[in-house]
Amino acid sequence: MTRSKIAGIGMYVPEHVVTNNDLKKYMDTSDEWIQERTGIQERHYAHRTKETTTTMGVEAATIAIQRAGITPQDIDFIVFATLCPDYYFPGCGVLVQRAMKMKEIGALDVRNQCSGFVYALSVADQFIKTGMYKNILVIGSEKHSFGLDFSTRGRNVSVIFGDGAGAVVLQPTEEANRGILSTHLHSDGSSAEILAMYNPGTHANHWTEKPLATFDEAEIAQMFMSHKMIDNAELFPYMDGPAVFKKAVVKFPEVIVESLKANNLTAKDINMLIPHQANLRISQFVQQHLGLSDDQVHNNIQKYGNTTAASVPIALCEAYEQGRIKDGDLVCLAAFGSGFTWASALLRW
Ligand code: COA
């Protein structure tokens with residue numbers, strides 16, 4: 001039976017480290033508040049002009065491809081997960097194809113926020129299992145720092161997020177005890193606006209019934225993005241933190257248990273849980289709920305903050321590089337985020 005295996009993995013975080021105390025220069029916050037509520041001590045911010053979501057993805061992909069023992073020209077499909085693409089369109093996948101001088105392969109962008117990487121991995125897994133592709137590059141990358149509200153108004157969101165990228169190369173394997181055992185994807189759109197960036201967008205809120213022909217020049221110029229949006233800080237992400245927290249602590253364990261049950265396994269069998277690094281308190285709740293020891297969970301939000309689609313591959317890569325994951329280990333990836341969407345993947349390393 002053909003399964004997908006992770007043949008190479010890489011990560012990249014920008015050089016610039018921003019501590020909680022650094023954030024105090026812009027907003028009314030404290031190291032104590034941030035650490036107590038989220039566990040975060042510092043995060044990395046991309047260079048404002050030299051680094052983008054794509055360039056960071058390319059850095060991580062370069063390592064993943066080298067470790068897989070192949071070249072960029074061997075990649076036959078790209079799946080790129082991000083919520084902060086370089087452009088509104090086209091997506092980052094094609095920019096990676098161009099930057100890495102790959103063949104004219106398919107490139108798909110996935111927009112599932114914090115669950116983005118696990119969704120992207122699941123998509124790639126299906127293409128491998130059907131035999132359609134042999135070397136798929138899966139990337140999660142985010143440059144959050146370009147679009148956060150660093151005033152006190154936006155502090156509940158801006159202190160949480162950091163920049164970075166992670167990437168894997170998926171290849172087929174016939175080995176009995178290796179590869180992705182299953183993936184599980186879910187969504188519940190009833191709370192879509194609880195954690196969202198509304199603008200710019202095509203939703204009806206800022207549209208008028210007035211015929212286009214009656215618009216003056218200023219109205220036409222502001223059809224997509226208006227001065228009002230800027231003045232009212234409507235171009236920043238919105239998050240109802242407590243509501244997200246409440247849903248996350250239910251859905252994380254649920255989707256992990258779902259993956260274990262699907263493979264006749266239990267939490268005791270997990271060698272390493274890689275939870276999306278949303279908030280250390282959420283990860284600790286999940287760990288406790290499932291009865292996992294510290295040896296069975298990898299957390300690194302303390303150093304990187306929440307890097308959304310990049311968080312799972314960064315944590316997986318770091319756990320691997322630190323020797324915390326060995327051949328044959330049962331690894332569970334799990335994520336929850338905006339949408340809401342949540343997902344898990346169970347794999348034998
Ligand atoms: N520094 C200092 N004070 C802050 C702050 C900050 N960075 N952000 C918010 N506060 C204040 C609030 O203004 C509020 O003040 P008030 O009581 O005077 O009104 C107080 O702290 C409590 O705010 P609240 O939002 O209720 O805090 P919380 O305990 O829920 O913690 C989060 C906020 C965001 C840390 C928490 O809700 C959380 O982590 N939720 C999950 C978010 C998440 O995981 N998002 C990613 C999804 S994948």
# chains A, B, ... in the order shown; residues from 1 in each chain; ligands from 1

call {"tool": "residues_around", "arguments": {"residues": "segment 94-96 of chain A", "least_positions_apart": "2", "cutoff": "7 Å", "atoms": "only C-alpha atoms", "output": "VMD selection string"}}
result
chain A and resid 54 58 91 to 92 98 to 100 107

call {"tool": "write_last_selection", "arguments": {"atoms": "all heavy atoms", "output": "CSV table (one decimal), in the first residue's frame"}}
result
chain,number,residue,atom,x,y,z
A,54,THR,N,6.7,34.6,0.8
A,54,THR,CA,7.3,33.7,-0.2
A,54,THR,C,8.8,33.5,0.0
A,54,THR,O,9.2,32.3,0.0
A,54,THR,CB,7.1,34.2,-1.6
A,54,THR,OG1,5.7,34.3,-1.9
A,54,THR,CG2,7.8,33.3,-2.7
A,58,VAL,N,10.6,30.0,0.7
A,58,VAL,CA,11.7,29.4,-0.1
A,58,VAL,C,12.9,29.0,0.7
A,58,VAL,O,13.5,28.0,0.5
A,58,VAL,CB,12.1,30.5,-1.2
A,58,VAL,CG1,13.5,30.1,-1.9
A,58,VAL,CG2,11.0,30.7,-2.2
A,91,GLY,N,-1.3,33.7,-5.9
A,91,GLY,CA,-0.9,33.1,-4.6
A,91,GLY,C,0.6,32.9,-4.5
A,91,GLY,O,1.4,33.2,-5.5
A,92,CYS,N,1.1,32.5,-3.4
A,92,CYS,CA,2.5,32.3,-3.1
A,92,CYS,C,3.1,31.1,-3.8
A,92,CYS,O,4.3,31.1,-4.1
A,92,CYS,CB,2.8,32.2,-1.6
A,92,CYS,SG,2.5,33.8,-0.8
A,98,ARG,N,8.6,30.2,-9.3
A,98,ARG,CA,9.4,31.1,-10.1
A,98,ARG,C,10.8,31.3,-9.3
A,98,ARG,O,11.8,31.1,-9.9
A,98,ARG,CB,8.8,32.5,-10.2
A,98,ARG,CG,9.6,33.5,-10.8
A,98,ARG,CD,8.9,34.9,-11.0
A,98,ARG,NE,8.6,35.5,-9.8
A,98,ARG,CZ,7.9,36.7,-9.7
A,98,ARG,NH1,7.4,37.2,-10.8
A,98,ARG,NH2,7.7,37.2,-8.5
A,99,ALA,N,10.7,31.5,-8.0
A,99,ALA,CA,11.9,31.8,-7.3
A,99,ALA,C,12.9,30.6,-7.3
A,99,ALA,O,14.1,30.8,-7.3
A,99,ALA,CB,11.6,32.2,-5.8
A,100,MET,N,12.3,29.4,-7.2
A,100,MET,CA,13.2,28.2,-7.2
A,100,MET,C,13.5,27.6,-8.5
A,100,MET,O,14.0,26.5,-8.6
A,100,MET,CB,12.6,27.2,-6.2
A,100,MET,CG,12.4,27.7,-4.8
A,100,MET,SD,12.0,26.5,-3.6
A,100,MET,CE,13.7,25.9,-3.2
A,107,ALA,N,0.7,24.6,-8.9
A,107,ALA,CA,1.0,25.3,-7.6
A,107,ALA,C,-0.4,25.7,-7.1
A,107,ALA,O,-1.2,26.4,-7.7
A,107,ALA,CB,1.9,26.5,-7.8

call {"tool": "residues_near_ligand", "arguments": {"ligand": "ligand 1", "cutoff": "9 Å", "atoms": "only C-alpha atoms and all ligand atoms", "output": "ChimeraX atom specification"}}
result
/A:23-24,27-34,36-38,113-115,152-161,195,239-248,276-282,306,308,335-338

call {"tool": "closest_residue", "arguments": {"among": "A:Val123, A:Ala81, A:Met197, A:Leu137", "to": "Arg111 of chain A", "atoms": "only C-alpha atoms"}}
result
A:Ala81

call {"tool": "residues_around", "arguments": {"residues": "Thr82 of chain A", "least_positions_apart": "2", "cutoff": "8 Å", "atoms": "only C-alpha atoms", "output": "compact mmCIF listing (two decimals) with all heavy atoms, in the first residue's frame"}}
result
# COMPACT_ATOMS: atom_id res chain seq x y z
N THR A 53 6.45 36.56 2.72
CA THR A 53 5.94 35.23 3.00
C THR A 53 6.57 34.22 2.04
O THR A 53 6.97 33.12 2.44
CB THR A 53 4.39 35.24 2.87
OG1 THR A 53 3.88 36.11 3.89
CG2 THR A 53 3.80 33.86 3.03
N PHE A 80 0.92 25.57 -0.98
CA PHE A 80 1.41 26.65 -0.14
C PHE A 80 0.27 27.15 0.75
O PHE A 80 -0.75 27.60 0.25
CB PHE A 80 1.92 27.80 -1.02
CG PHE A 80 2.83 28.77 -0.31
CD1 PHE A 80 4.14 28.94 -0.73
CD2 PHE A 80 2.38 29.51 0.77
CE1 PHE A 80 5.00 29.83 -0.08
CE2 PHE A 80 3.22 30.40 1.44
CZ PHE A 80 4.52 30.57 1.01
N CYS A 84 -1.15 35.36 4.90
CA CYS A 84 -0.60 36.67 4.50
C CYS A 84 0.20 36.54 3.22
O CYS A 84 1.43 36.66 3.25
CB CYS A 84 0.22 37.35 5.58
SG CYS A 84 0.70 36.44 7.02
N PRO A 85 -0.48 36.32 2.10
CA PRO A 85 0.23 36.18 0.83
C PRO A 85 0.91 37.48 0.40
O PRO A 85 0.48 38.56 0.81
CB PRO A 85 -0.89 35.83 -0.17
CG PRO A 85 -2.14 36.36 0.44
CD PRO A 85 -1.94 36.26 1.93
N ASP A 109 -2.58 27.23 -3.70
CA ASP A 109 -2.55 27.93 -2.42
C ASP A 109 -3.73 27.49 -1.56
O ASP A 109 -4.85 27.36 -2.05
CB ASP A 109 -2.60 29.45 -2.62
CG ASP A 109 -1.21 30.03 -2.85
OD1 ASP A 109 -0.49 29.48 -3.70
OD2 ASP A 109 -0.86 31.01 -2.18
N VAL A 110 -3.45 27.28 -0.28
CA VAL A 110 -4.48 26.84 0.67
C VAL A 110 -4.70 27.98 1.66
O VAL A 110 -3.76 28.54 2.19
CB VAL A 110 -3.99 25.56 1.40
CG1 VAL A 110 -4.83 25.28 2.64
CG2 VAL A 110 -4.02 24.37 0.46
N ARG A 111 -5.98 28.31 1.90
CA ARG A 111 -6.30 29.42 2.81
C ARG A 111 -7.07 28.90 4.00
O ARG A 111 -8.28 29.10 4.10
CB ARG A 111 -7.13 30.46 2.06
CG ARG A 111 -6.37 31.12 0.94
CD ARG A 111 -7.20 32.20 0.34
NE ARG A 111 -7.96 32.88 1.39
CZ ARG A 111 -8.19 34.18 1.44
NH1 ARG A 111 -7.71 34.95 0.52
NH2 ARG A 111 -8.90 34.71 2.42
N ASN A 112 -6.38 28.19 4.87
CA ASN A 112 -7.05 27.67 6.05
C ASN A 112 -6.37 28.09 7.34
O ASN A 112 -6.43 27.39 8.35
CB ASN A 112 -7.20 26.15 5.96
CG ASN A 112 -8.28 25.79 4.97
OD1 ASN A 112 -8.06 25.89 3.77
ND2 ASN A 112 -9.45 25.44 5.47
N GLN A 113 -5.71 29.24 7.26
CA GLN A 113 -5.16 29.90 8.45
C GLN A 113 -4.35 28.93 9.31
O GLN A 113 -3.52 28.21 8.80
CB GLN A 113 -6.27 30.59 9.22
CG GLN A 113 -6.98 31.68 8.43
CD GLN A 113 -7.79 31.17 7.26
OE1 GLN A 113 -7.40 31.44 6.13
NE2 GLN A 113 -8.86 30.46 7.48
N GLY A 116 -3.91 25.59 8.15
CA GLY A 116 -3.49 25.57 6.75
C GLY A 116 -2.49 24.49 6.41
O GLY A 116 -2.61 23.81 5.39
N GLY A 140 4.23 26.09 4.74
CA GLY A 140 3.40 27.00 5.54
C GLY A 140 4.27 28.19 5.88
O GLY A 140 5.37 28.01 6.41
N SER A 141 3.82 29.39 5.56
CA SER A 141 4.67 30.57 5.80
C SER A 141 3.80 31.78 6.10
O SER A 141 2.72 31.93 5.52
CB SER A 141 5.54 30.83 4.57
OG SER A 141 6.36 31.96 4.78
N GLU A 142 4.28 32.63 6.99
CA GLU A 142 3.49 33.83 7.35
C GLU A 142 4.40 35.01 7.65
O GLU A 142 5.38 34.87 8.38
CB GLU A 142 2.63 33.59 8.61
CG GLU A 142 1.75 32.37 8.60
CD GLU A 142 0.46 32.51 7.79
OE1 GLU A 142 0.26 33.58 7.16
OE2 GLU A 142 -0.32 31.55 7.78
N THR A 308 0.85 30.79 12.80
CA THR A 308 -0.29 30.35 11.99
C THR A 308 0.08 29.13 11.12
O THR A 308 0.41 28.10 11.66
CB THR A 308 -0.86 31.54 11.20
OG1 THR A 308 -1.12 32.58 12.15
CG2 THR A 308 -2.17 31.25 10.51
N ALA A 309 0.03 29.25 9.78
CA ALA A 309 0.25 28.08 8.94
C ALA A 309 1.67 27.54 9.05
O ALA A 309 1.95 26.39 8.66
CB ALA A 309 -0.06 28.41 7.48
N ALA A 310 2.59 28.35 9.58
CA ALA A 310 3.98 27.90 9.69
C ALA A 310 4.23 27.17 11.01
O ALA A 310 5.26 26.53 11.17
CB ALA A 310 4.92 29.10 9.57

call {"tool": "residues_around", "arguments": {"residues": "Lys50 of chain A", "least_positions_apart": "4", "cutoff": "12 Å", "atoms": "only C-alpha atoms", "output": "MDAnalysis selection string"}}
result
chainID A and resid 14:15 45:46 54:56 143

call {"tool": "write_last_selection", "arguments": {"atoms": "C-alpha atoms", "output": "PDB file, in the first residue's frame"}}
result
ATOM      1  CA  PRO A  14      13.816  35.768  10.418  1.00  0.00           C
ATOM      2  CA  GLU A  15      16.817  37.057  12.320  1.00  0.00           C
ATOM      3  CA  TYR A  45       9.704  39.637  12.611  1.00  0.00           C
ATOM      4  CA  ALA A  46      10.658  39.533   8.959  1.00  0.00           C
ATOM      5  CA  THR A  54       7.298  33.700  -0.210  1.00  0.00           C
ATOM      6  CA  THR A  55      11.000  34.323   0.456  1.00  0.00           C
ATOM      7  CA  MET A  56      10.713  32.779   3.921  1.00  0.00           C
ATOM      8  CA  LYS A 143       4.665  37.430   7.490  1.00  0.00           C
TER       9      LYS A 143
END

call {"tool": "residues_around", "arguments": {"residues": "Leu347 of chain A", "least_positions_apart": "6", "cutoff": "8 Å", "atoms": "only C-alpha atoms", "output": "compact mmCIF listing (two decimals) with all heavy atoms, in the first residue's frame"}}
result
# COMPACT_ATOMS: atom_id res chain seq x y z
N ARG A 178 5.62 3.15 7.92
CA ARG A 178 6.11 4.51 7.71
C ARG A 178 5.07 5.34 6.95
O ARG A 178 4.32 4.81 6.16
CB ARG A 178 7.41 4.44 6.89
CG ARG A 178 8.10 5.76 6.80
CD ARG A 178 9.60 5.67 6.85
NE ARG A 178 10.16 7.00 6.92
CZ ARG A 178 11.19 7.41 6.21
NH1 ARG A 178 11.80 6.58 5.40
NH2 ARG A 178 11.63 8.64 6.32
N GLY A 179 5.06 6.62 7.24
CA GLY A 179 4.25 7.54 6.46
C GLY A 179 2.97 8.00 7.14
O GLY A 179 2.69 7.65 8.29
N ILE A 180 2.20 8.79 6.38
CA ILE A 180 0.96 9.36 6.91
C ILE A 180 -0.11 8.27 6.98
O ILE A 180 -0.46 7.65 5.96
CB ILE A 180 0.49 10.54 6.03
CG1 ILE A 180 1.52 11.66 6.08
CG2 ILE A 180 -0.89 11.04 6.49
CD1 ILE A 180 1.23 12.85 5.17
N LEU A 181 -0.62 8.03 8.20
CA LEU A 181 -1.63 6.98 8.38
C LEU A 181 -3.02 7.51 8.02
O LEU A 181 -3.82 6.82 7.41
CB LEU A 181 -1.62 6.48 9.83
CG LEU A 181 -0.27 6.00 10.39
CD1 LEU A 181 -0.41 5.58 11.85
CD2 LEU A 181 0.27 4.84 9.55
N SER A 182 -3.30 8.73 8.44
CA SER A 182 -4.59 9.34 8.08
C SER A 182 -4.57 10.83 8.37
O SER A 182 -3.75 11.30 9.17
CB SER A 182 -5.75 8.69 8.85
OG SER A 182 -5.61 8.91 10.23
N LEU A 330 5.39 7.46 16.42
CA LEU A 330 4.05 7.89 16.04
C LEU A 330 3.94 9.38 16.35
O LEU A 330 4.06 9.80 17.50
CB LEU A 330 2.99 7.12 16.83
CG LEU A 330 1.54 7.42 16.42
CD1 LEU A 330 1.22 6.85 15.04
CD2 LEU A 330 0.55 6.89 17.46
N VAL A 331 3.72 10.17 15.30
CA VAL A 331 3.67 11.63 15.43
C VAL A 331 2.27 12.10 15.08
O VAL A 331 1.71 11.68 14.06
CB VAL A 331 4.71 12.30 14.49
CG1 VAL A 331 4.64 13.82 14.60
CG2 VAL A 331 6.12 11.81 14.82
N CYS A 332 1.72 12.94 15.93
CA CYS A 332 0.40 13.49 15.65
C CYS A 332 0.51 15.00 15.47
O CYS A 332 1.05 15.70 16.32
CB CYS A 332 -0.56 13.17 16.81
SG CYS A 332 -2.23 13.73 16.49

call {"tool": "closest_residue", "arguments": {"among": "A:Gln322, A:Asn232, A:Thr49, A:Asn177", "to": "Arg348 of chain A", "atoms": "only C-alpha atoms"}}
result
A:Asn177

call {"tool": "select_by_dssp", "arguments": {"residues": "segment 153-332 of chain A", "states": "strand (DSSP E)", "output": "ChimeraX atom specification"}}
result
/A:164-173,179-187,195-196,238-239,272-275,330-332

call {"tool": "decode", "arguments": {"residues": "segment 271-293 of chain A", "atoms": "N, CA and C atoms", "output": "CSV table (one decimal), in the first residue's frame"}}
result
chain,number,residue,atom,x,y,z
A,271,ASN,N,4.1,9.2,20.3
A,271,ASN,CA,5.5,9.5,20.7
A,271,ASN,C,5.7,11.1,20.8
A,272,MET,N,5.1,11.7,19.8
A,272,MET,CA,5.2,13.2,19.8
A,272,MET,C,4.0,13.9,19.2
A,273,LEU,N,3.3,14.7,20.0
A,273,LEU,CA,2.2,15.5,19.6
A,273,LEU,C,2.8,16.9,19.2
A,274,ILE,N,2.5,17.3,18.0
A,274,ILE,CA,2.9,18.7,17.5
A,274,ILE,C,1.6,19.5,17.4
A,275,PRO,N,1.2,20.2,18.5
A,275,PRO,CA,0.0,21.0,18.3
A,275,PRO,C,0.4,22.3,17.6
A,276,HIS,N,-0.6,22.8,16.9
A,276,HIS,CA,-0.4,24.2,16.4
A,276,HIS,C,-0.2,25.1,17.6
A,277,GLN,N,0.8,26.0,17.5
A,277,GLN,CA,1.2,26.8,18.6
A,277,GLN,C,0.3,28.1,18.7
A,278,ALA,N,-0.9,27.9,19.2
A,278,ALA,CA,-1.8,29.0,19.2
A,278,ALA,C,-1.6,29.8,20.5
A,279,ASN,N,-1.5,29.0,21.6
A,279,ASN,CA,-1.4,29.6,22.9
A,279,ASN,C,-0.9,28.4,23.8
A,280,LEU,N,0.2,28.7,24.6
A,280,LEU,CA,0.7,27.6,25.5
A,280,LEU,C,-0.4,27.0,26.4
A,281,ARG,N,-1.3,27.9,26.8
A,281,ARG,CA,-2.3,27.4,27.8
A,281,ARG,C,-3.2,26.4,27.0
A,282,ILE,N,-3.5,26.6,25.8
A,282,ILE,CA,-4.3,25.7,25.0
A,282,ILE,C,-3.6,24.4,24.9
A,283,SER,N,-2.3,24.4,24.5
A,283,SER,CA,-1.5,23.2,24.4
A,283,SER,C,-1.4,22.4,25.7
A,284,GLN,N,-1.3,23.2,26.8
A,284,GLN,CA,-1.2,22.5,28.1
A,284,GLN,C,-2.5,21.8,28.5
A,285,PHE,N,-3.6,22.5,28.1
A,285,PHE,CA,-4.9,21.9,28.4
A,285,PHE,C,-5.1,20.6,27.6
A,286,VAL,N,-4.7,20.7,26.3
A,286,VAL,CA,-4.9,19.5,25.5
A,286,VAL,C,-4.0,18.3,26.0
A,287,GLN,N,-2.8,18.7,26.4
A,287,GLN,CA,-1.8,17.7,26.9
A,287,GLN,C,-2.4,17.0,28.2
A,288,GLN,N,-3.0,17.8,29.1
A,288,GLN,CA,-3.5,17.3,30.3
A,288,GLN,C,-4.8,16.5,30.0
A,289,HIS,N,-5.6,17.0,29.1
A,289,HIS,CA,-6.9,16.3,28.8
A,289,HIS,C,-6.6,14.9,28.2
A,290,LEU,N,-5.5,14.8,27.4
A,290,LEU,CA,-5.2,13.5,26.8
A,290,LEU,C,-4.3,12.6,27.7
A,291,GLY,N,-3.8,13.2,28.8
A,291,GLY,CA,-2.9,12.4,29.7
A,291,GLY,C,-1.6,12.2,29.2
A,292,LEU,N,-1.1,13.2,28.4
A,292,LEU,CA,0.3,13.1,27.8
A,292,LEU,C,1.3,13.6,28.7
A,293,SER,N,2.5,13.0,28.7
A,293,SER,CA,3.7,13.6,29.4
A,293,SER,C,4.4,14.7,28.7
